[in-house]
Amino acid sequence: MLKRVVFLVLAALFLASCAPAAPSTPGQPSPAAQQPRYGGELVFAVDAEPPSLDAHRETTFAVIIPLAPFYSTLLKFDQYNYPKVVGDLAESWTVSSDGLVYEFKLRDGVKFHDGTPLTSRDVVATYNKIIFPPQGVISARKALYSAVESIEAPDSRTVRFRLKHPSASMLANFASGWNWIYKADIIEKDPRWYEKNVLGTGAFKFVEYVPGSHVVGKKNEDYFIKGRPYLDGFRAVFMTDRSAMVAALRSGQILINFRSVTPQERDDLVRALGNQVVVEESPWVCSQIVVLNNEKKPFDNPKVRQALTLAIDRWNGGQYLSQFTFLKYVGALMRPGSPFAMPESELEKIPGFWRDINKSREEAKRLLREAGVPEGFSFTLKNRNIEPYPSLGVFIIDQWRQVGLQVEHQLLETGPWTQDLRTGNFEAMLYFNCDFMDDPDLQLLGFLSPERSPVNYARYRDPVLDSLYDQQSRELDPEKRKQLVWQFERRAVGEMAYQLPALWWNRIVVRWAKVQGWRITPSHYINQDLVDVWLAQ
Amino acid sequence: MQTDLFQERALRRVARRQNIVVRFIRRYPLGAMGATVLLIFAFAAVFADQLAPYDPVANNFAVMFRPPGPQYLLGTDNFGRDVLSRIIFGSRTALLVAFTSSFVGATLGALLGVVSAYFGGRVDDLIQRVTDIILAFPLIILALAMVAALGTGTLNVIIAITIPMIPRVSRVIRASALALREMPFVEAARAIGASDVRIIFQHLLPNVVAPYLVMLTAFLGQAILLEASLSFLGLGVAEPTPAWGLMLRGAATQFAERAPWLALAPGIAISLAVFAFNLLGDALRDALDPRLRV
């Protein structure tokens, strides 16, 4: 330890003396004029290990980022025009005028990596696994497709989905980066085969997965888009140590980290590499929320919950925390600036989002007095031990302290943290809400009653919210749907304050300028198939 | 008349103690230096509320990343918290964990060592084999395993540091107690019918105080290092609690280029405390071991 401390001190002094006086400007992407070039291996970092290889059951980027290049989806998001949906395996599609039938025509000549042709039977088997999983098979996003009544394959290239009722977000749901198309024969034989194996129709063929080290893929010469992919292959390297990841990015051993870097890491890289790297930033469909266990006292009291949300100065917090974490934007349940998000003028009316923090804290103290805890109370905030969770925890604890609450901060590894969250073994917990696109069906899901949503960790039941959710989900007029979403938000985080939105994330991707054909999107769960990516000289 | 006699005796006692302190300083100046540093840390820990210029946990984003200067002597961190105030309050965490775990560990270890030596036979075998097993693991590995099993937090860190210390003290104390067991005064106590408990507590334990004290001071330094190591690895106390190891973690490494003072201050505090304990421990060992008195 002593050696480590001495090393750290010396390193800090050395680095401080080496730092240039003025930071250079971030490099600008310049893909337009260049002609894509074939060849090369893209090496990139992944911050975590996949728990299994099956995207249908998992919810972490650690599955999507290294494995998506091996698979295709029915539709996908256009990286240059998010949230526009384009075909992937689907060549064309139609939606019936009543919104109850979706029909997809599949591309011709698509082959799995074992050489067998893809047919509509494979798509049906895949979506049956996702929407109607057999006993013992986990499907993380099953609830999103609850409107689907049946899936049919009228011929080998046509897939038809019949819905029980119209669903505003259904088409975009078919572009989910999680819905990799698997092979029907395998699913029928063993629906859990894909947890440990890889076989898709993607632009890259699977070579090897070495747990704790890397995933390697090589170019699929039979890929269904002629002339793609450009790369000969890729190597996804698992790097959980952030300083090692930044050092590797700095030295060029890895060329990109698709998830995000922190503002500090961005600045360090730009200072060191100048125009050799390109920085892209985007508001992220990821937010941090405080989950209050509504089954435990005093969090069963709405006045206490409201006091807790009123005590947090989100506007200043976002401004300052964004200087050293990727927490940045203030918003309720929809990503700020996204189509269904409340404008600031509306948001500011919700308790907890008032601009005047002094007034807000006075109100918080008044509510605590009314709730019978005028001197405040003590509780534990359980938190995950990876950034930006601890930083946000420190900030929120300090905010609560200012209205008289004494909060102990307990940091946990991801495993125990998830376990406590699922079993309700907590008073307050910091959690995340990340999705593959901006859609109220996705972002509001965690606020439904537990019977409807397995991800309502705050453990309350509210039929009013359930009803509002259904109404907005079936509403096809965007304006009317928006009003319903706002009504939902006002109740969930304002009047009842069941769970407290903290801050929304800002995605920062630093890539070497020679990595071309990739554009940042608001989600790290999409645009990872590497079909268009190429390496400049 | 009698009162005068008592006063005179009391005065003599004080003078004798002063003489011991003066003699210790003269004979062991380095040890005295270590003791002085530790006294300063102890003073800072006890009077942290009065000494710290700012609240050590209050965020103040208006002054984030201020370099050392007249207003903030050791600068501020990414939350705008005063580093000096966090160092002062951090001494409280460091000393609380170090003293508690070292005292409990050394005391239990001494007791086990004496029991093992006194009873011998199967009791000794059992205690020594368990000791062998625990001693097979490096201190930090054992502490890491304990925290992984118990969870983080101040109390668990204390337990995680205490348990690996017990067998180490026990082994040393047993060696001293083995010799004592054969001494005539122990035989005499047995002859007059003193119970085992009485012999252990009244005759053996008081006579192993010298190695006990040496082990205690040696472990104080190690405990500070262990606490800092665990906190540095994210397994010790959690933010926003001010703790030196925790201050070295996260922000200090993340902002090594932008704000090097974040690593310097806690690094120096840890080094200084460990160094001071080692100096004092060495001096105490020399002072208490008659074989080293030349």
# chains A, B, ... in the order shown; residues from 1 in each chain; ligands from 1
>>> select_by_dssp(residues="range 186-316 of chain A", states="alpha helix (DSSP H)", output="MDAnalysis selection string")
chainID A and resid 186:189 242:251 263:273 302:310 314:316
>>> residues_around(residues="Trp518 in chain A", least_positions_apart="2", cutoff="7 Å", atoms="only C-alpha atoms", output="ChimeraX atom specification")
/A:516,520,532-533
>>> write_last_selection(atoms="N, CA and C atoms", output="PDB file, in the first residue's frame")
ATOM      1  N   GLN A 516     -14.092   5.599 -38.720  1.00  0.00           N
ATOM      2  CA  GLN A 516     -15.096   6.326 -39.493  1.00  0.00           C
ATOM      3  C   GLN A 516     -16.360   5.486 -39.644  1.00  0.00           C
ATOM      4  N   ILE A 520     -22.537   8.946 -33.018  1.00  0.00           N
ATOM      5  CA  ILE A 520     -23.119   8.781 -31.682  1.00  0.00           C
ATOM      6  C   ILE A 520     -24.649   8.886 -31.766  1.00  0.00           C
ATOM      7  N   ASP A 532     -21.221  -0.288 -40.956  1.00  0.00           N
ATOM      8  CA  ASP A 532     -20.697   0.830 -41.758  1.00  0.00           C
ATOM      9  C   ASP A 532     -19.345   1.351 -41.277  1.00  0.00           C
ATOM     10  N   VAL A 533     -18.807   0.754 -40.243  1.00  0.00           N
ATOM     11  CA  VAL A 533     -17.561   1.294 -39.667  1.00  0.00           C
ATOM     12  C   VAL A 533     -16.353   0.905 -40.527  1.00  0.00           C
TER      13      VAL A 533
END
>>> interface_residues(of="chain B", to="chain A", cutoff="6 Å", atoms="only C-alpha atoms", output="JSON, numbers by chain")
{"B": [240, 256, 257, 260, 264, 267]}
>>> write_last_selection(atoms="C-alpha atoms", output="PDB file, in the first residue's frame")
ATOM      1  CA  PRO B 240     -18.749  11.312   2.135  1.00  0.00           C
ATOM      2  CA  ALA B 256      -4.162  13.564 -10.797  1.00  0.00           C
ATOM      3  CA  GLU B 257      -3.258  15.963 -13.583  1.00  0.00           C
ATOM      4  CA  PRO B 260      -2.462  16.878  -7.749  1.00  0.00           C
ATOM      5  CA  LEU B 264      -0.626  14.710  -1.903  1.00  0.00           C
ATOM      6  CA  GLY B 267      -0.758  10.502   0.987  1.00  0.00           C
TER       7      GLY B 267
END
>>> residues_around(residues="Arg141 in chain A", least_positions_apart="5", cutoff="12 Å", atoms="only C-alpha atoms", output="PyMOL selection string")
chain A and resi 55-59+127+129-133+146+173-174+176-179+435-436+441-442+445-446+453-455
>>> write_last_selection(atoms="C-alpha atoms", output="mmCIF file, in the first residue's frame")
data_model
loop_
_atom_site.group_PDB
_atom_site.id
_atom_site.type_symbol
_atom_site.label_atom_id
_atom_site.label_comp_id
_atom_site.auth_asym_id
_atom_site.auth_seq_id
_atom_site.Cartn_x
_atom_site.Cartn_y
_atom_site.Cartn_z
ATOM 1 C CA ALA A 55 -29.485 -10.305 -25.349
ATOM 2 C CA HIS A 56 -33.121 -11.316 -24.890
ATOM 3 C CA ARG A 57 -32.553 -12.006 -21.206
ATOM 4 C CA GLU A 58 -29.894 -9.413 -20.329
ATOM 5 C CA THR A 59 -30.151 -5.679 -19.710
ATOM 6 C CA TYR A 127 -40.175 -13.172 -31.189
ATOM 7 C CA LYS A 129 -39.081 -16.478 -27.271
ATOM 8 C CA ILE A 130 -39.113 -12.750 -26.469
ATOM 9 C CA ILE A 131 -42.859 -12.230 -26.080
ATOM 10 C CA PHE A 132 -44.059 -15.662 -24.927
ATOM 11 C CA PRO A 133 -40.953 -17.163 -23.304
ATOM 12 C CA SER A 146 -47.866 -7.131 -24.257
ATOM 13 C CA ASN A 173 -39.881 -1.608 -30.594
ATOM 14 C CA PHE A 174 -39.091 -3.843 -33.572
ATOM 15 C CA SER A 176 -34.718 -2.652 -30.497
ATOM 16 C CA GLY A 177 -31.032 -3.459 -30.464
ATOM 17 C CA TRP A 178 -31.810 -6.287 -28.014
ATOM 18 C CA ASN A 179 -33.998 -8.324 -30.362
ATOM 19 C CA ASP A 435 -33.366 2.452 -22.660
ATOM 20 C CA PHE A 436 -32.632 1.889 -26.332
ATOM 21 C CA ASP A 441 -43.704 2.889 -22.962
ATOM 22 C CA LEU A 442 -40.090 2.226 -22.029
ATOM 23 C CA LEU A 445 -42.505 1.081 -17.322
ATOM 24 C CA GLY A 446 -40.723 1.120 -13.958
ATOM 25 C CA SER A 453 -43.986 -4.194 -14.071
ATOM 26 C CA PRO A 454 -41.287 -6.352 -12.502
ATOM 27 C CA VAL A 455 -39.001 -3.307 -12.498
#
>>> closest_residue(among="A:Lys349, A:Lys303, A:Arg459, A:Arg235", to="Gln253 in chain A", atoms="only C-alpha atoms")
A:Arg235
>>> residues_around(residues="Leu180 in chain B", least_positions_apart="5", cutoff="8 Å", atoms="only C-alpha atoms", output="ChimeraX atom specification")
/B:186,204,207
>>> write_last_selection(atoms="all heavy atoms", output="mmCIF file, in the first residue's frame")
data_model
loop_
_atom_site.group_PDB
_atom_site.id
_atom_site.type_symbol
_atom_site.label_atom_id
_atom_site.label_comp_id
_atom_site.auth_asym_id
_atom_site.auth_seq_id
_atom_site.Cartn_x
_atom_site.Cartn_y
_atom_site.Cartn_z
ATOM 1 N N VAL B 186 4.922 -18.803 39.390
ATOM 2 C CA VAL B 186 3.735 -19.482 38.865
ATOM 3 C C VAL B 186 3.549 -20.802 39.599
ATOM 4 O O VAL B 186 2.433 -21.180 39.999
ATOM 5 C CB VAL B 186 3.855 -19.706 37.340
ATOM 6 C CG1 VAL B 186 2.657 -20.470 36.793
ATOM 7 C CG2 VAL B 186 3.990 -18.376 36.621
ATOM 8 N N LEU B 204 0.324 -14.206 34.781
ATOM 9 C CA LEU B 204 0.933 -14.311 33.442
ATOM 10 C C LEU B 204 0.718 -13.059 32.596
ATOM 11 O O LEU B 204 1.677 -12.475 32.083
ATOM 12 C CB LEU B 204 0.393 -15.546 32.717
ATOM 13 C CG LEU B 204 0.794 -16.886 33.320
ATOM 14 C CD1 LEU B 204 0.212 -18.044 32.515
ATOM 15 C CD2 LEU B 204 2.318 -17.030 33.331
ATOM 16 N N ASN B 207 2.760 -9.986 33.107
ATOM 17 C CA ASN B 207 4.172 -10.137 32.779
ATOM 18 C C ASN B 207 4.462 -10.216 31.277
ATOM 19 O O ASN B 207 5.620 -10.396 30.889
ATOM 20 C CB ASN B 207 4.731 -11.382 33.482
ATOM 21 C CG ASN B 207 4.976 -11.080 34.953
ATOM 22 O OD1 ASN B 207 5.824 -10.268 35.290
ATOM 23 N ND2 ASN B 207 4.156 -11.677 35.806
#
>>> residues_around(residues="Phe41 in chain B", least_positions_apart="2", cutoff="8 Å", atoms="only C-alpha atoms", output="compact mmCIF listing (two decimals) with N, CA and C atoms, in the first residue's frame")
# COMPACT_ATOMS: atom_id res chain seq x y z
N VAL B 37 4.20 13.41 16.79
CA VAL B 37 3.35 13.44 15.60
C VAL B 37 2.00 12.79 15.92
N LEU B 38 2.08 11.67 16.63
CA LEU B 38 0.84 10.97 16.95
C LEU B 38 -0.04 11.77 17.89
N LEU B 39 0.61 12.47 18.81
CA LEU B 39 -0.16 13.33 19.72
C LEU B 39 -0.88 14.43 18.93
N PHE B 43 -4.76 14.87 18.86
CA PHE B 43 -5.36 16.16 19.22
C PHE B 43 -6.32 16.61 18.11
N ALA B 44 -5.85 16.45 16.86
CA ALA B 44 -6.69 16.83 15.71
C ALA B 44 -7.96 16.00 15.68
N ALA B 45 -7.82 14.71 16.00
CA ALA B 45 -8.99 13.83 15.97
C ALA B 45 -10.01 14.22 17.04
N ILE B 88 -8.19 16.61 8.68
CA ILE B 88 -8.35 16.68 10.15
C ILE B 88 -9.40 15.67 10.61
N SER B 91 -8.34 12.04 10.37
CA SER B 91 -7.50 11.48 11.44
C SER B 91 -8.39 10.79 12.47
N ALA B 273 1.65 9.18 9.60
CA ALA B 273 1.09 8.44 10.73
C ALA B 273 1.76 7.07 10.86
>>> closest_residue(among="B:Leu51, B:Ala251, B:Leu272, B:Leu178", to="Thr76 in chain B", atoms="only C-alpha atoms")
B:Ala251
>>> atom_distance(atom1="CA of Tyr469 in chain A", atom2="CA of Ser338 in chain A")
18.1 Å
>>> select_by_dssp(residues="range 183-369 of chain A", states="strand (DSSP E or B)", output="PyMOL selection string")
chain A and resi 204-210+214-219+233-238+256-257+277-292+327-329
>>> write_last_selection(atoms="N, CA, C and O atoms", output="short mmCIF file (atom, residue, chain, number, x, y, z; two decimals), in the first residue's frame")
data_model
loop_
_atom_site.label_atom_id
_atom_site.label_comp_id
_atom_site.auth_asym_id
_atom_site.auth_seq_id
_atom_site.Cartn_x
_atom_site.Cartn_y
_atom_site.Cartn_z
N PHE A 204 -20.44 -9.81 -38.90
CA PHE A 204 -19.21 -10.46 -38.46
C PHE A 204 -19.51 -11.85 -37.91
O PHE A 204 -20.55 -12.07 -37.29
N LYS A 205 -18.58 -12.76 -38.19
CA LYS A 205 -18.72 -14.13 -37.69
C LYS A 205 -17.94 -14.27 -36.39
O LYS A 205 -16.84 -13.71 -36.26
N PHE A 206 -18.52 -15.06 -35.50
CA PHE A 206 -17.91 -15.25 -34.18
C PHE A 206 -16.61 -16.07 -34.31
O PHE A 206 -16.60 -17.10 -34.97
N VAL A 207 -15.56 -15.60 -33.66
CA VAL A 207 -14.29 -16.34 -33.64
C VAL A 207 -14.04 -16.91 -32.26
O VAL A 207 -13.91 -18.11 -32.06
N GLU A 208 -14.02 -16.03 -31.24
CA GLU A 208 -13.83 -16.55 -29.87
C GLU A 208 -14.27 -15.54 -28.83
O GLU A 208 -14.31 -14.33 -29.08
N TYR A 209 -14.63 -16.09 -27.68
CA TYR A 209 -14.92 -15.27 -26.49
C TYR A 209 -14.08 -15.85 -25.36
O TYR A 209 -14.26 -17.00 -24.98
N VAL A 210 -13.16 -15.05 -24.86
CA VAL A 210 -12.35 -15.48 -23.72
C VAL A 210 -12.82 -14.67 -22.51
O VAL A 210 -12.55 -13.46 -22.44
N HIS A 214 -11.51 -10.99 -23.92
CA HIS A 214 -11.96 -10.36 -25.17
C HIS A 214 -12.98 -11.19 -25.94
O HIS A 214 -13.18 -12.37 -25.66
N VAL A 215 -13.57 -10.55 -26.94
CA VAL A 215 -14.41 -11.21 -27.94
C VAL A 215 -13.82 -10.84 -29.29
O VAL A 215 -13.44 -9.69 -29.50
N VAL A 216 -13.69 -11.82 -30.19
CA VAL A 216 -13.14 -11.54 -31.52
C VAL A 216 -14.14 -11.94 -32.59
O VAL A 216 -14.80 -12.98 -32.48
N GLY A 217 -14.27 -11.08 -33.60
CA GLY A 217 -15.13 -11.40 -34.73
C GLY A 217 -14.38 -11.16 -36.03
O GLY A 217 -13.48 -10.31 -36.09
N LYS A 218 -14.72 -11.95 -37.07
CA LYS A 218 -14.09 -11.72 -38.38
C LYS A 218 -15.18 -11.42 -39.41
O LYS A 218 -16.35 -11.79 -39.24
N LYS A 219 -14.80 -10.78 -40.47
CA LYS A 219 -15.72 -10.34 -41.52
C LYS A 219 -16.57 -11.51 -42.05
O LYS A 219 -16.04 -12.58 -42.31
N GLY A 233 -12.25 -7.36 -39.30
CA GLY A 233 -12.68 -7.97 -38.04
C GLY A 233 -12.67 -6.97 -36.92
O GLY A 233 -12.36 -5.78 -37.12
N PHE A 234 -13.02 -7.43 -35.73
CA PHE A 234 -12.97 -6.56 -34.55
C PHE A 234 -12.53 -7.35 -33.34
O PHE A 234 -12.61 -8.59 -33.33
N ARG A 235 -12.06 -6.64 -32.37
CA ARG A 235 -11.68 -7.23 -31.09
C ARG A 235 -12.25 -6.34 -29.99
O ARG A 235 -11.88 -5.16 -29.90
N ALA A 236 -13.16 -6.89 -29.19
CA ALA A 236 -13.72 -6.15 -28.05
C ALA A 236 -12.97 -6.59 -26.80
O ALA A 236 -12.99 -7.77 -26.45
N VAL A 237 -12.30 -5.65 -26.17
CA VAL A 237 -11.47 -5.98 -25.01
C VAL A 237 -12.18 -5.54 -23.73
O VAL A 237 -12.60 -4.38 -23.63
N PHE A 238 -12.34 -6.46 -22.79
CA PHE A 238 -13.01 -6.11 -21.53
C PHE A 238 -12.03 -5.38 -20.62
O PHE A 238 -10.98 -5.92 -20.27
N ILE A 256 -11.64 3.12 -29.50
CA ILE A 256 -12.89 3.74 -29.09
C ILE A 256 -13.47 2.99 -27.89
O ILE A 256 -13.23 1.79 -27.72
N ASN A 257 -14.20 3.71 -27.04
CA ASN A 257 -15.04 3.08 -26.01
C ASN A 257 -16.45 3.56 -26.34
O ASN A 257 -16.77 4.74 -26.17
N VAL A 277 -7.95 12.62 -32.17
CA VAL A 277 -9.20 12.02 -31.68
C VAL A 277 -10.39 12.94 -32.00
O VAL A 277 -10.23 14.15 -32.17
N VAL A 278 -11.56 12.30 -32.07
CA VAL A 278 -12.79 13.03 -32.33
C VAL A 278 -13.70 12.82 -31.12
O VAL A 278 -13.80 11.71 -30.60
N VAL A 279 -14.31 13.91 -30.66
CA VAL A 279 -15.21 13.81 -29.52
C VAL A 279 -16.64 14.00 -30.01
O VAL A 279 -16.92 14.96 -30.73
N GLU A 280 -17.51 13.08 -29.64
CA GLU A 280 -18.93 13.25 -29.95
C GLU A 280 -19.72 13.17 -28.66
O GLU A 280 -19.45 12.29 -27.83
N GLU A 281 -20.67 14.07 -28.48
CA GLU A 281 -21.48 14.06 -27.27
C GLU A 281 -22.96 14.06 -27.63
O GLU A 281 -23.34 14.59 -28.68
N SER A 282 -23.75 13.47 -26.76
CA SER A 282 -25.20 13.42 -27.01
C SER A 282 -25.93 13.25 -25.69
O SER A 282 -25.46 12.50 -24.82
N PRO A 283 -27.05 13.95 -25.53
CA PRO A 283 -27.89 13.62 -24.37
C PRO A 283 -28.22 12.13 -24.46
O PRO A 283 -28.44 11.60 -25.55
N TRP A 284 -28.25 11.46 -23.32
CA TRP A 284 -28.29 9.99 -23.27
C TRP A 284 -29.66 9.54 -22.77
O TRP A 284 -30.19 10.16 -21.84
N VAL A 285 -30.21 8.48 -23.33
CA VAL A 285 -31.48 7.95 -22.81
C VAL A 285 -31.17 7.14 -21.55
O VAL A 285 -31.45 5.95 -21.45
N CYS A 286 -30.57 7.80 -20.61
CA CYS A 286 -30.18 7.17 -19.34
C CYS A 286 -30.35 8.21 -18.26
O CYS A 286 -29.89 9.34 -18.41
N SER A 287 -30.97 7.81 -17.18
CA SER A 287 -31.07 8.75 -16.07
C SER A 287 -30.85 8.01 -14.77
O SER A 287 -30.87 6.79 -14.71
N GLN A 288 -30.62 8.80 -13.75
CA GLN A 288 -30.39 8.25 -12.42
C GLN A 288 -31.63 8.59 -11.60
O GLN A 288 -32.09 9.73 -11.63
N ILE A 289 -32.17 7.60 -10.90
CA ILE A 289 -33.34 7.90 -10.06
C ILE A 289 -33.10 7.37 -8.63
O ILE A 289 -32.36 6.41 -8.44
N VAL A 290 -33.73 8.05 -7.68
CA VAL A 290 -33.68 7.58 -6.30
C VAL A 290 -34.93 6.75 -6.07
O VAL A 290 -36.05 7.26 -6.20
N VAL A 291 -34.74 5.48 -5.79
CA VAL A 291 -35.88 4.60 -5.52
C VAL A 291 -36.10 4.59 -4.02
O VAL A 291 -35.21 4.24 -3.25
N LEU A 292 -37.31 5.01 -3.60
CA LEU A 292 -37.65 4.98 -2.18
C LEU A 292 -38.52 3.75 -1.93
O LEU A 292 -39.47 3.52 -2.68
N LEU A 327 -23.24 12.98 -15.55
CA LEU A 327 -24.56 13.46 -15.14
C LEU A 327 -24.68 14.91 -15.58
O LEU A 327 -23.76 15.69 -15.37
N LYS A 328 -25.80 15.26 -16.19
CA LYS A 328 -25.85 16.63 -16.68
C LYS A 328 -27.24 17.25 -16.70
O LYS A 328 -27.46 18.32 -16.14
N TYR A 329 -28.19 16.59 -17.35
CA TYR A 329 -29.44 17.28 -17.67
C TYR A 329 -30.52 17.08 -16.61
O TYR A 329 -30.61 16.03 -15.99
#
>>> closest_residue(among="A:Lys105, A:Arg157, A:Arg511, A:His165", to="Tyr145 in chain A", atoms="only C-alpha atoms")
A:His165
